[in-house]
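Visitor: If it helps, the file is called coords.cif and holds mmCIF, C-alpha atoms:
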```cif
data_start
#
loop_
_atom_site.group_PDB
_atom_site.id
_atom_site.type_symbol
_atom_site.label_atom_id
_atom_site.label_comp_id
_atom_site.auth_asym_id
_atom_site.auth_seq_id
_atom_site.Cartn_x
_atom_site.Cartn_y
_atom_site.Cartn_z
ATOM 1 C CA MET D 1 -30.107 26.351 -48.164
ATOM 2 C CA ARG D 2 -29.681 29.992 -47.151
ATOM 3 C CA ILE D 3 -32.794 29.724 -45.004
ATOM 4 C CA ILE D 4 -31.397 26.645 -43.265
ATOM 5 C CA ILE D 5 -28.038 28.339 -42.708
ATOM 6 C CA LYS D 6 -29.756 31.455 -41.412
ATOM 7 C CA GLN D 7 -31.865 29.375 -39.038
ATOM 8 C CA TYR D 8 -28.712 27.618 -37.842
ATOM 9 C CA TYR D 9 -27.015 30.929 -37.122
ATOM 10 C CA ASP D 10 -30.122 32.153 -35.353
ATOM 11 C CA LEU D 11 -30.022 29.064 -33.132
ATOM 12 C CA ARG D 12 -26.307 29.328 -32.285
ATOM 13 C CA PRO D 13 -26.858 31.032 -28.911
ATOM 14 C CA PHE D 14 -29.308 28.282 -27.990
ATOM 15 C CA PHE D 15 -26.903 25.487 -28.961
ATOM 16 C CA LEU D 16 -24.022 27.224 -27.212
ATOM 17 C CA GLN D 17 -26.040 27.621 -24.027
ATOM 18 C CA PHE D 18 -27.243 24.031 -24.282
ATOM 19 C CA PHE D 19 -23.759 22.553 -24.612
ATOM 20 C CA VAL D 20 -22.338 24.812 -21.900
ATOM 21 C CA SER D 21 -25.144 23.744 -19.566
ATOM 22 C CA LEU D 22 -24.604 20.097 -20.480
ATOM 23 C CA PHE D 23 -20.865 20.402 -19.850
ATOM 24 C CA MET D 24 -21.409 22.087 -16.482
ATOM 25 C CA ALA D 25 -23.978 19.476 -15.479
ATOM 26 C CA MET D 26 -21.598 16.655 -16.403
ATOM 27 C CA LYS D 27 -18.774 18.329 -14.508
ATOM 28 C CA LEU D 28 -20.974 18.858 -11.446
ATOM 29 C CA SER D 29 -22.194 15.274 -11.618
ATOM 30 C CA ASN D 30 -18.624 14.029 -11.882
ATOM 31 C CA ASN D 31 -17.539 16.117 -8.902
ATOM 32 C CA LEU D 32 -20.473 14.879 -6.852
ATOM 33 C CA SER D 33 -19.638 11.326 -7.821
ATOM 34 C CA GLN D 34 -16.017 11.818 -6.815
ATOM 35 C CA ASN D 35 -16.979 13.364 -3.477
ATOM 36 C CA LEU D 36 -19.419 10.569 -2.825
ATOM 37 C CA SER D 37 -16.830 7.932 -3.635
ATOM 38 C CA LEU D 38 -14.326 9.437 -1.205
ATOM 39 C CA GLN D 39 -17.008 9.878 1.454
ATOM 40 C CA LEU D 40 -18.124 6.282 1.086
ATOM 41 C CA ALA D 41 -14.578 4.938 0.919
ATOM 42 C CA THR D 42 -13.582 6.773 4.083
ATOM 43 C CA SER D 43 -16.771 5.767 5.886
ATOM 44 C CA LEU D 44 -16.236 2.124 4.977
ATOM 45 C CA ALA D 45 -12.596 2.309 6.030
ATOM 46 C CA LEU D 46 -13.608 3.700 9.418
ATOM 47 C CA GLU D 47 -16.327 1.119 9.958
ATOM 48 C CA GLN D 48 -14.205 -1.824 8.852
ATOM 49 C CA GLY D 49 -11.233 -0.585 10.859
ATOM 50 C CA VAL D 50 -13.269 -0.311 14.051
ATOM 51 C CA GLU D 51 -14.713 -3.784 13.462
ATOM 52 C CA GLN D 52 -11.177 -5.130 13.096
ATOM 53 C CA VAL D 53 -10.188 -3.463 16.373
ATOM 54 C CA HIS D 54 -13.123 -5.131 18.113
ATOM 55 C CA GLU D 55 -12.292 -8.536 16.647
ATOM 56 C CA MET D 56 -8.636 -8.120 17.570
ATOM 57 C CA VAL D 57 -9.491 -7.281 21.174
ATOM 58 C CA LYS D 58 -11.948 -10.178 21.416
ATOM 59 C CA ALA D 59 -9.330 -12.592 20.096
ATOM 60 C CA HIS D 60 -6.760 -11.462 22.691
ATOM 61 C CA GLN D 61 -9.063 -10.511 25.556
ATOM 62 C CA ASP D 62 -7.413 -12.970 27.943
ATOM 63 C CA ASN D 63 -4.086 -11.154 27.661
ATOM 64 C CA LEU D 64 -4.385 -7.625 26.295
ATOM 65 C CA THR D 65 -0.991 -6.591 27.685
ATOM 66 C CA HIS D 66 0.866 -9.305 25.764
ATOM 67 C CA SER D 67 3.515 -8.054 23.355
ATOM 68 C CA GLY D 68 1.869 -9.960 20.501
ATOM 69 C CA PHE D 69 -1.392 -8.075 20.911
ATOM 70 C CA ILE D 70 0.369 -4.736 21.430
ATOM 71 C CA GLY D 71 2.289 -5.277 18.189
ATOM 72 C CA GLU D 72 -0.856 -6.214 16.295
ATOM 73 C CA ALA D 73 -2.733 -3.170 17.580
ATOM 74 C CA LYS D 74 0.233 -0.929 16.761
ATOM 75 C CA ASN D 75 0.416 -2.212 13.189
ATOM 76 C CA HIS D 76 -3.318 -1.679 12.734
ATOM 77 C CA LEU D 77 -2.974 1.964 13.778
ATOM 78 C CA LEU D 78 0.111 2.462 11.616
ATOM 79 C CA LYS D 79 -1.739 1.040 8.641
ATOM 80 C CA ALA D 80 -4.678 3.350 9.344
ATOM 81 C CA ASN D 81 -2.355 6.330 9.377
ATOM 82 C CA LYS D 82 -0.468 5.453 6.197
ATOM 83 C CA LYS D 83 0.532 8.325 3.992
ATOM 84 C CA GLY D 84 -0.685 6.907 0.700
ATOM 85 C CA PHE D 85 -4.319 7.538 1.585
ATOM 86 C CA PHE D 86 -3.828 11.284 1.664
ATOM 87 C CA GLU D 87 -2.372 13.959 -0.559
ATOM 88 C CA LYS D 88 1.329 13.420 -1.205
ATOM 89 C CA ASN D 89 2.321 16.798 0.179
ATOM 90 C CA LEU D 90 1.104 16.202 3.730
ATOM 91 C CA PRO D 91 3.705 16.934 6.414
ATOM 92 C CA ASP D 92 5.274 13.900 8.068
ATOM 93 C CA SER D 93 4.187 15.194 11.474
ATOM 94 C CA HIS D 94 0.756 13.707 10.788
ATOM 95 C CA PHE D 95 2.084 10.177 10.855
ATOM 96 C CA LEU D 96 3.184 7.728 13.518
ATOM 97 C CA LYS D 97 5.861 5.822 11.633
ATOM 98 C CA ASN D 98 8.717 7.587 13.435
ATOM 99 C CA ASP D 99 7.177 7.023 16.872
ATOM 100 C CA LYS D 100 6.496 3.297 16.917
ATOM 101 C CA ASN D 101 7.877 2.854 20.430
ATOM 102 C CA LEU D 102 5.749 5.711 21.751
ATOM 103 C CA LEU D 103 2.716 4.160 20.091
ATOM 104 C CA GLU D 104 3.466 0.791 21.706
ATOM 105 C CA ARG D 105 3.906 2.404 25.121
ATOM 106 C CA THR D 106 0.634 4.273 24.697
ATOM 107 C CA ILE D 107 -1.312 1.128 23.781
ATOM 108 C CA LEU D 108 0.287 -0.795 26.651
ATOM 109 C CA TYR D 109 -0.545 1.979 29.113
ATOM 110 C CA ALA D 110 -4.165 2.042 27.923
ATOM 111 C CA ALA D 111 -4.324 -1.758 28.194
ATOM 112 C CA HIS D 112 -3.138 -1.642 31.806
ATOM 113 C CA ARG D 113 -5.429 1.245 32.761
ATOM 114 C CA HIS D 114 -8.524 -0.400 31.263
ATOM 115 C CA LEU D 115 -7.710 -3.904 32.481
ATOM 116 C CA GLY D 116 -10.853 -5.551 33.832
ATOM 117 C CA GLU D 117 -13.137 -2.875 32.356
ATOM 118 C CA TYR D 118 -15.835 -3.899 29.891
ATOM 119 C CA ARG D 119 -18.345 -2.224 27.622
ATOM 120 C CA GLU D 120 -22.042 -3.034 27.908
ATOM 121 C CA SER D 121 -21.599 -5.344 24.930
ATOM 122 C CA GLY D 122 -19.217 -7.443 27.022
ATOM 123 C CA ILE D 123 -16.154 -6.500 24.985
ATOM 124 C CA PRO D 124 -13.106 -5.208 26.909
ATOM 125 C CA TYR D 125 -13.111 -1.423 27.208
ATOM 126 C CA LEU D 126 -9.767 -1.222 25.437
ATOM 127 C CA ALA D 127 -11.611 -1.834 22.151
ATOM 128 C CA HIS D 128 -13.332 1.533 22.484
ATOM 129 C CA ALA D 129 -10.095 3.316 23.377
ATOM 130 C CA LEU D 130 -8.254 1.851 20.389
ATOM 131 C CA SER D 131 -11.220 2.519 18.094
ATOM 132 C CA THR D 132 -11.129 6.197 19.029
ATOM 133 C CA GLY D 133 -7.423 6.324 18.235
ATOM 134 C CA PHE D 134 -7.971 4.419 14.996
ATOM 135 C CA ILE D 135 -10.600 6.904 13.804
ATOM 136 C CA LEU D 136 -8.276 9.834 14.483
ATOM 137 C CA ALA D 137 -5.412 8.013 12.766
ATOM 138 C CA ARG D 138 -7.499 7.203 9.696
ATOM 139 C CA LEU D 139 -8.533 10.833 9.401
ATOM 140 C CA GLY D 140 -4.910 11.981 9.498
ATOM 141 C CA PHE D 141 -4.769 13.868 12.780
ATOM 142 C CA PRO D 142 -1.367 14.583 14.373
ATOM 143 C CA LYS D 143 0.247 11.851 16.437
ATOM 144 C CA GLU D 144 -0.375 13.503 19.814
ATOM 145 C CA ILE D 145 -4.099 13.656 19.022
ATOM 146 C CA ILE D 146 -4.188 10.011 17.941
ATOM 147 C CA LEU D 147 -2.405 8.972 21.130
ATOM 148 C CA SER D 148 -4.673 11.201 23.222
ATOM 149 C CA GLY D 149 -7.628 9.488 21.570
ATOM 150 C CA ILE D 150 -6.351 6.095 22.695
ATOM 151 C CA LEU D 151 -5.954 7.441 26.236
ATOM 152 C CA HIS D 152 -8.998 9.718 26.330
ATOM 153 C CA ASP D 153 -10.744 7.814 29.137
ATOM 154 C CA THR D 154 -7.769 7.184 31.419
ATOM 155 C CA VAL D 155 -8.266 10.294 33.580
ATOM 156 C CA GLU D 156 -12.054 10.433 33.875
ATOM 157 C CA ASP D 157 -13.463 8.389 36.779
ATOM 158 C CA THR D 158 -10.002 7.510 38.083
ATOM 159 C CA PRO D 159 -9.443 8.101 41.825
ATOM 160 C CA ASP D 160 -5.922 9.473 41.337
ATOM 161 C CA LYS D 161 -6.069 12.015 38.534
ATOM 162 C CA THR D 162 -2.806 13.716 39.491
ATOM 163 C CA ARG D 163 -0.802 10.520 39.224
ATOM 164 C CA THR D 164 -2.436 9.603 35.921
ATOM 165 C CA LEU D 165 -1.779 13.037 34.449
ATOM 166 C CA ASN D 166 1.863 12.841 35.536
ATOM 167 C CA GLU D 167 2.175 9.468 33.818
ATOM 168 C CA LEU D 168 0.584 10.842 30.658
ATOM 169 C CA TYR D 169 2.911 13.838 30.829
ATOM 170 C CA GLY D 170 5.789 11.358 30.878
ATOM 171 C CA LEU D 171 4.571 9.893 27.599
ATOM 172 C CA MET D 172 4.185 13.325 25.993
ATOM 173 C CA PRO D 173 3.218 16.620 27.679
ATOM 174 C CA SER D 174 0.592 17.461 25.061
ATOM 175 C CA ILE D 175 -1.117 14.100 25.656
ATOM 176 C CA ALA D 176 -1.760 15.033 29.285
ATOM 177 C CA TYR D 177 -3.210 18.351 28.132
ATOM 178 C CA TYR D 178 -5.581 16.916 25.543
ATOM 179 C CA VAL D 179 -6.703 13.941 27.636
ATOM 180 C CA TYR D 180 -7.555 16.242 30.527
ATOM 181 C CA SER D 181 -9.407 18.550 28.134
ATOM 182 C CA VAL D 182 -11.881 15.780 27.243
ATOM 183 C CA SER D 183 -12.253 14.358 30.766
ATOM 184 C CA GLY D 184 -15.576 15.008 32.466
ATOM 185 C CA PRO D 185 -15.867 16.098 36.109
ATOM 186 C CA ASP D 186 -16.661 13.646 38.919
ATOM 187 C CA ILE D 187 -20.358 14.391 39.304
ATOM 188 C CA LYS D 188 -23.336 12.069 38.941
ATOM 189 C CA ASP D 189 -25.791 14.484 37.327
ATOM 190 C CA SER D 190 -25.289 13.659 33.640
ATOM 191 C CA VAL D 191 -26.741 16.957 32.396
ATOM 192 C CA GLU D 192 -24.491 19.059 34.614
ATOM 193 C CA LYS D 193 -21.540 16.794 33.827
ATOM 194 C CA ASP D 194 -22.013 17.312 30.088
ATOM 195 C CA LYS D 195 -22.389 21.052 30.580
ATOM 196 C CA GLN D 196 -19.141 21.315 32.530
ATOM 197 C CA LEU D 197 -17.327 19.012 30.119
ATOM 198 C CA TYR D 198 -18.245 21.042 27.070
ATOM 199 C CA ASN D 199 -17.339 24.279 28.829
ATOM 200 C CA ARG D 200 -13.966 22.686 29.536
ATOM 201 C CA LEU D 201 -13.614 21.595 25.915
ATOM 202 C CA HIS D 202 -14.158 25.146 24.711
ATOM 203 C CA ALA D 203 -11.789 26.584 27.313
ATOM 204 C CA PHE D 204 -8.971 24.173 26.468
ATOM 205 C CA SER D 205 -9.601 24.626 22.765
ATOM 206 C CA ASP D 206 -9.419 28.407 23.079
ATOM 207 C CA ASN D 207 -6.238 28.126 25.117
ATOM 208 C CA ALA D 208 -4.587 25.782 22.608
ATOM 209 C CA GLN D 209 -6.006 27.798 19.703
ATOM 210 C CA ASN D 210 -7.127 24.662 17.894
ATOM 211 C CA LEU D 211 -10.086 22.286 17.717
ATOM 212 C CA PHE D 212 -8.229 19.138 18.693
ATOM 213 C CA PRO D 213 -10.159 18.607 21.965
ATOM 214 C CA GLN D 214 -13.388 18.680 19.945
ATOM 215 C CA ALA D 215 -11.885 16.301 17.383
ATOM 216 C CA ILE D 216 -11.074 13.757 20.096
ATOM 217 C CA LYS D 217 -14.599 14.056 21.465
ATOM 218 C CA VAL D 218 -16.132 13.569 18.013
ATOM 219 C CA ALA D 219 -13.972 10.481 17.430
ATOM 220 C CA ASP D 220 -15.073 9.200 20.847
ATOM 221 C CA GLY D 221 -18.692 9.737 19.797
ATOM 222 C CA ILE D 222 -18.198 7.919 16.492
ATOM 223 C CA ALA D 223 -16.594 4.987 18.308
ATOM 224 C CA ASN D 224 -19.577 4.952 20.676
ATOM 225 C CA LEU D 225 -21.958 4.744 17.725
ATOM 226 C CA TYR D 226 -20.626 1.277 16.960
ATOM 227 C CA ASP D 227 -21.655 0.155 20.465
ATOM 228 C CA ILE D 228 -25.024 1.871 20.720
ATOM 229 C CA ALA D 229 -27.000 -1.269 19.889
ATOM 230 C CA SER D 230 -25.688 -2.942 23.051
ATOM 231 C CA MET D 231 -26.953 -0.231 25.418
ATOM 232 C CA GLN D 232 -28.885 -1.750 28.307
ATOM 233 C CA ALA D 233 -31.590 -0.315 30.554
ATOM 234 C CA LYS D 234 -29.929 1.858 33.199
ATOM 235 C CA ASP D 235 -30.699 4.608 35.724
ATOM 236 C CA GLY D 236 -34.444 4.182 35.262
ATOM 237 C CA ARG D 237 -34.243 4.489 31.471
ATOM 238 C CA THR D 238 -34.913 1.783 28.915
ATOM 239 C CA SER D 239 -32.277 0.896 26.348
ATOM 240 C CA THR D 240 -34.328 2.701 23.679
ATOM 241 C CA GLU D 241 -34.533 5.846 25.794
ATOM 242 C CA ARG D 242 -30.798 5.785 26.430
ATOM 243 C CA GLN D 243 -30.110 5.355 22.723
ATOM 244 C CA ALA D 244 -32.410 8.279 21.918
ATOM 245 C CA LEU D 245 -30.648 10.478 24.485
ATOM 246 C CA PHE D 246 -27.261 9.545 23.089
ATOM 247 C CA ILE D 247 -28.349 10.345 19.529
ATOM 248 C CA ALA D 248 -29.788 13.685 20.685
ATOM 249 C CA LYS D 249 -26.483 14.520 22.373
ATOM 250 C CA MET D 250 -24.589 13.627 19.213
ATOM 251 C CA LYS D 251 -26.797 15.937 17.158
ATOM 252 C CA THR D 252 -26.779 18.912 19.509
ATOM 253 C CA LEU D 253 -23.187 18.771 20.736
ATOM 254 C CA LEU D 254 -20.986 16.828 18.336
ATOM 255 C CA LEU D 255 -22.420 17.813 14.952
ATOM 256 C CA PRO D 256 -21.499 21.489 15.551
ATOM 257 C CA PHE D 257 -17.973 20.359 16.479
ATOM 258 C CA ALA D 258 -17.743 18.345 13.262
ATOM 259 C CA SER D 259 -18.930 21.330 11.254
ATOM 260 C CA LYS D 260 -16.239 23.564 12.766
ATOM 261 C CA ILE D 261 -13.578 20.944 12.098
ATOM 262 C CA ASP D 262 -14.638 20.869 8.446
ATOM 263 C CA GLU D 263 -14.536 24.671 8.268
ATOM 264 C CA GLU D 264 -10.992 24.699 9.643
ATOM 265 C CA ASN D 265 -9.887 22.017 7.144
ATOM 266 C CA LEU D 266 -8.387 19.993 9.975
ATOM 267 C CA ILE D 267 -8.898 16.661 8.239
ATOM 268 C CA PRO D 268 -6.425 16.143 5.401
ATOM 269 C CA VAL D 269 -8.415 13.330 3.761
ATOM 270 C CA LYS D 270 -8.191 14.448 0.165
ATOM 271 C CA LYS D 271 -7.836 12.885 -3.225
ATOM 272 C CA LYS D 272 -7.576 15.160 -6.234
ATOM 273 C CA ASN D 273 -10.470 17.584 -5.720
ATOM 274 C CA GLU D 274 -12.278 15.447 -3.162
ATOM 275 C CA VAL D 275 -12.523 16.427 0.486
ATOM 276 C CA PHE D 276 -13.947 14.279 3.259
ATOM 277 C CA SER D 277 -16.662 15.925 5.366
ATOM 278 C CA LEU D 278 -16.735 14.851 9.003
ATOM 279 C CA PHE D 279 -20.070 16.620 9.449
ATOM 280 C CA GLU D 280 -21.714 14.680 6.618
ATOM 281 C CA PHE D 281 -20.226 11.411 7.821
ATOM 282 C CA LEU D 282 -21.439 11.967 11.379
ATOM 283 C CA LYS D 283 -24.883 13.099 10.240
ATOM 284 C CA ASP D 284 -25.273 10.060 7.975
ATOM 285 C CA SER D 285 -24.067 7.739 10.739
ATOM 286 C CA ILE D 286 -26.596 9.164 13.193
ATOM 287 C CA GLU D 287 -29.415 8.803 10.673
ATOM 288 C CA GLU D 288 -28.381 5.218 9.961
ATOM 289 C CA ILE D 289 -28.401 4.386 13.670
ATOM 290 C CA LYS D 290 -31.849 5.984 14.038
ATOM 291 C CA LEU D 291 -33.190 3.790 11.245
ATOM 292 C CA GLN D 292 -31.749 0.667 12.847
ATOM 293 C CA SER D 293 -33.024 1.413 16.362
#
```
Let's see the structure in the file written out as structure tokens.

Guide:
Amino acid sequence: MRIIIKQYYDLRPFFLQFFVSLFMAMKLSNNLSQNLSLQLATSLALEQGVEQVHEMVKAHQDNLTHSGFIGEAKNHLLKANKKGFFEKNLPDSHFLKNDKNLLERTILYAAHRHLGEYRESGIPYLAHALSTGFILARLGFPKEIILSGILHDTVEDTPDKTRTLNELYGLMPSIAYYVYSVSGPDIKDSVEKDKQLYNRLHAFSDNAQNLFPQAIKVADGIANLYDIASMQAKDGRTSTERQALFIAKMKTLLLPFASKIDEENLIPVKKKNEVFSLFEFLKDSIEEIKLQS
């Protein structure tokens, strides 16, 4: 018996180390599981929400300025931005509930500005604009960023930028600022256009001392991912070549933006100890698209 007891005492450090290691492994596994569940839940919410936007626009495409559609789109964005999804201590400034009229006016303005415009898939362009706003709303960005996301394409390619910017300023001064920050110059060379656009993004971001211009551009890119399958041959490139170029642009330009946004903790999607990673979501989405194409 003494020998057995002695052997037990001799093995105590081993057992202690074993159980500590087991506990740490279980804790790590649990944390990974929790992070994965939040990541998947948020990813699914984004995908399903964008699909609902597309279906909503298709159902009302004959009259996208009708009050019934505007109300439906508004409610979808309000639901996306609901407080219960995030930590309870988030500031109210992240939510649209107190600015329902401004949200309606923003959607209506976007509907008028994109009237008669269509994506390559044949769906009205407004679906993309609302999808961009939905993504920003679901991720808990401030209201002016959500609204800027809805309006992000109203200045680019318009013949009267000054008038448009004045109208956006009338909605909210910061909207005009952020929409202009993500608007590309009027040049045909796509490489030079991208170069100037991303220089502008950095300049406006530095001036505002935040990464919101980059966040809008990332949301725009995510919304574009849902349309990539409908890309047609254009400008001497096949649909496959255009898809490959788009994916390359996402990887080289938008993934670094997503990484910085994560570093700055701009996205308040949290639940207990779980934090949503925009970088991981974007990377996974790009890989999924590559597998499908």

Visitor: Tell me, as number ranges by chain, which residues lie within 10 Å of D:Gly49, counting only C-alpha atoms; anything in the same chain fewer than 6 positions away does not count.

Guide: D: 43, 55, 76-77, 79-80, 131, 134-135, 138

Visitor: Show me as a VMD selection string the residues that reach within 7 Å of (3.8, -1.9, 23.5), counting all atoms listed in the file and using the file's own coordinates.

Guide: chain D and resid 67 70 to 71 101 104 to 105 107 to 108

Visitor: Provide an axis-aligned box for all listed atoms of stretch 271-276 of chain D, padding each side by 6 Å; report its centre and its edge lengths in Å to one decimal, as lines of an AutoDock Vina configuration file.

Guide:
```
center_x = -10.8
center_y = 15.2
center_z = -1.5
size_x = 18.4
size_y = 16.7
size_z = 21.5
```

Visitor: Can you pull out every residue within 10 Å of D:Phe279, counting all atoms listed in the file, but drop anything in the same chain fewer than 5 positions away, and send it as a ChimeraX atom specification?

Guide: /D:218,254-263,284-285

Visitor: Could you work out how far atom CA of D:Arg113 lies from atom CA of D:Thr158, giving the answer in Å with one decimal?

Guide: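 For atom CA of D:Thr158 relative to atom CA of D:Arg113, the distance reads 9.4 Å.
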
Visitor: Calculated over all atoms listed in the file, which of the candidates D:Ser148, D:Thr106, D:Asn265, D:Ser181 has the smallest distance to D:Lys74?

Guide: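 Looking only at the distances to D:Lys74, the closest residue turns out to be D:Thr106.
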
Visitor: Written as a ChimeraX atom specification, what is the full residue list that the PyMOL selection byres ((chain D and resi 96) around 12) yields on the file shown?

Guide: /D:74-83,91-95,97-104,106,133-134,136-138,140-147

Visitor: With the PyMOL selection byres ((chain D and resi 194-211) around 9) as the selection, what would be picked from this file? Answer as a PyMOL selection string, please.

Guide: chain D and resi 177-178+181-185+189-193+212-217+253+257+260-261+264+266

Visitor: By how many Å are atom CA of D:Ala233 and atom CA of D:Leu130 apart?

Guide: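 Separation of atom CA of D:Ala233 and atom CA of D:Leu130: 25.5 Å.
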
Visitor: Just need stretch 170-216 of chain D in a file, please: C-alpha atoms, as a JSON list (two decimals), in the first residue's frame.

Guide:
```
[["chain", "number", "residue", "atom", "x", "y", "z"],
["D", 170, "GLY", "CA", -29.19, 68.34, -47.31],
["D", 171, "LEU", "CA", -29.86, 64.84, -46.02],
["D", 172, "MET", "CA", -26.87, 64.94, -43.66],
["D", 173, "PRO", "CA", -23.53, 66.73, -44.17],
["D", 174, "SER", "CA", -21.47, 63.68, -43.21],
["D", 175, "ILE", "CA", -23.28, 61.60, -45.86],
["D", 176, "ALA", "CA", -22.00, 63.91, -48.59],
["D", 177, "TYR", "CA", -18.49, 63.57, -47.18],
["D", 178, "TYR", "CA", -18.46, 59.78, -47.00],
["D", 179, "VAL", "CA", -20.21, 59.21, -50.33],
["D", 180, "TYR", "CA", -17.71, 61.46, -52.08],
["D", 181, "SER", "CA", -14.86, 59.64, -50.32],
["D", 182, "VAL", "CA", -15.81, 56.35, -52.01],
["D", 183, "SER", "CA", -16.63, 57.82, -55.43],
["D", 184, "GLY", "CA", -14.17, 57.03, -58.20],
["D", 185, "PRO", "CA", -12.95, 59.64, -60.70],
["D", 186, "ASP", "CA", -14.42, 59.96, -64.21],
["D", 187, "ILE", "CA", -11.72, 58.12, -66.13],
["D", 188, "LYS", "CA", -12.00, 55.02, -68.30],
["D", 189, "ASP", "CA", -8.69, 53.37, -67.41],
["D", 190, "SER", "CA", -9.81, 50.97, -64.67],
["D", 191, "VAL", "CA", -6.32, 50.56, -63.20],
["D", 192, "GLU", "CA", -5.74, 54.30, -62.90],
["D", 193, "LYS", "CA", -9.30, 54.78, -61.64],
["D", 194, "ASP", "CA", -8.76, 52.26, -58.84],
["D", 195, "LYS", "CA", -5.43, 53.85, -57.96],
["D", 196, "GLN", "CA", -6.95, 57.31, -57.65],
["D", 197, "LEU", "CA", -9.97, 56.00, -55.77],
["D", 198, "TYR", "CA", -7.90, 54.25, -53.14],
["D", 199, "ASN", "CA", -5.65, 57.28, -52.75],
["D", 200, "ARG", "CA", -8.83, 59.27, -52.15],
["D", 201, "LEU", "CA", -10.08, 56.72, -49.64],
["D", 202, "HIS", "CA", -6.88, 57.02, -47.63],
["D", 203, "ALA", "CA", -6.91, 60.81, -47.82],
["D", 204, "PHE", "CA", -10.51, 61.12, -46.64],
["D", 205, "SER", "CA", -9.94, 58.49, -43.98],
["D", 206, "ASP", "CA", -6.90, 60.34, -42.65],
["D", 207, "ASN", "CA", -8.82, 63.60, -42.66],
["D", 208, "ALA", "CA", -11.79, 62.10, -40.80],
["D", 209, "GLN", "CA", -9.45, 60.11, -38.55],
["D", 210, "ASN", "CA", -11.49, 56.95, -38.97],
["D", 211, "LEU", "CA", -11.82, 53.97, -41.30],
["D", 212, "PHE", "CA", -15.42, 54.53, -42.30],
["D", 213, "PRO", "CA", -14.65, 55.19, -46.00],
["D", 214, "GLN", "CA", -12.87, 51.82, -46.11],
["D", 215, "ALA", "CA", -15.78, 50.17, -44.31],
["D", 216, "ILE", "CA", -18.23, 51.43, -46.94]]
```
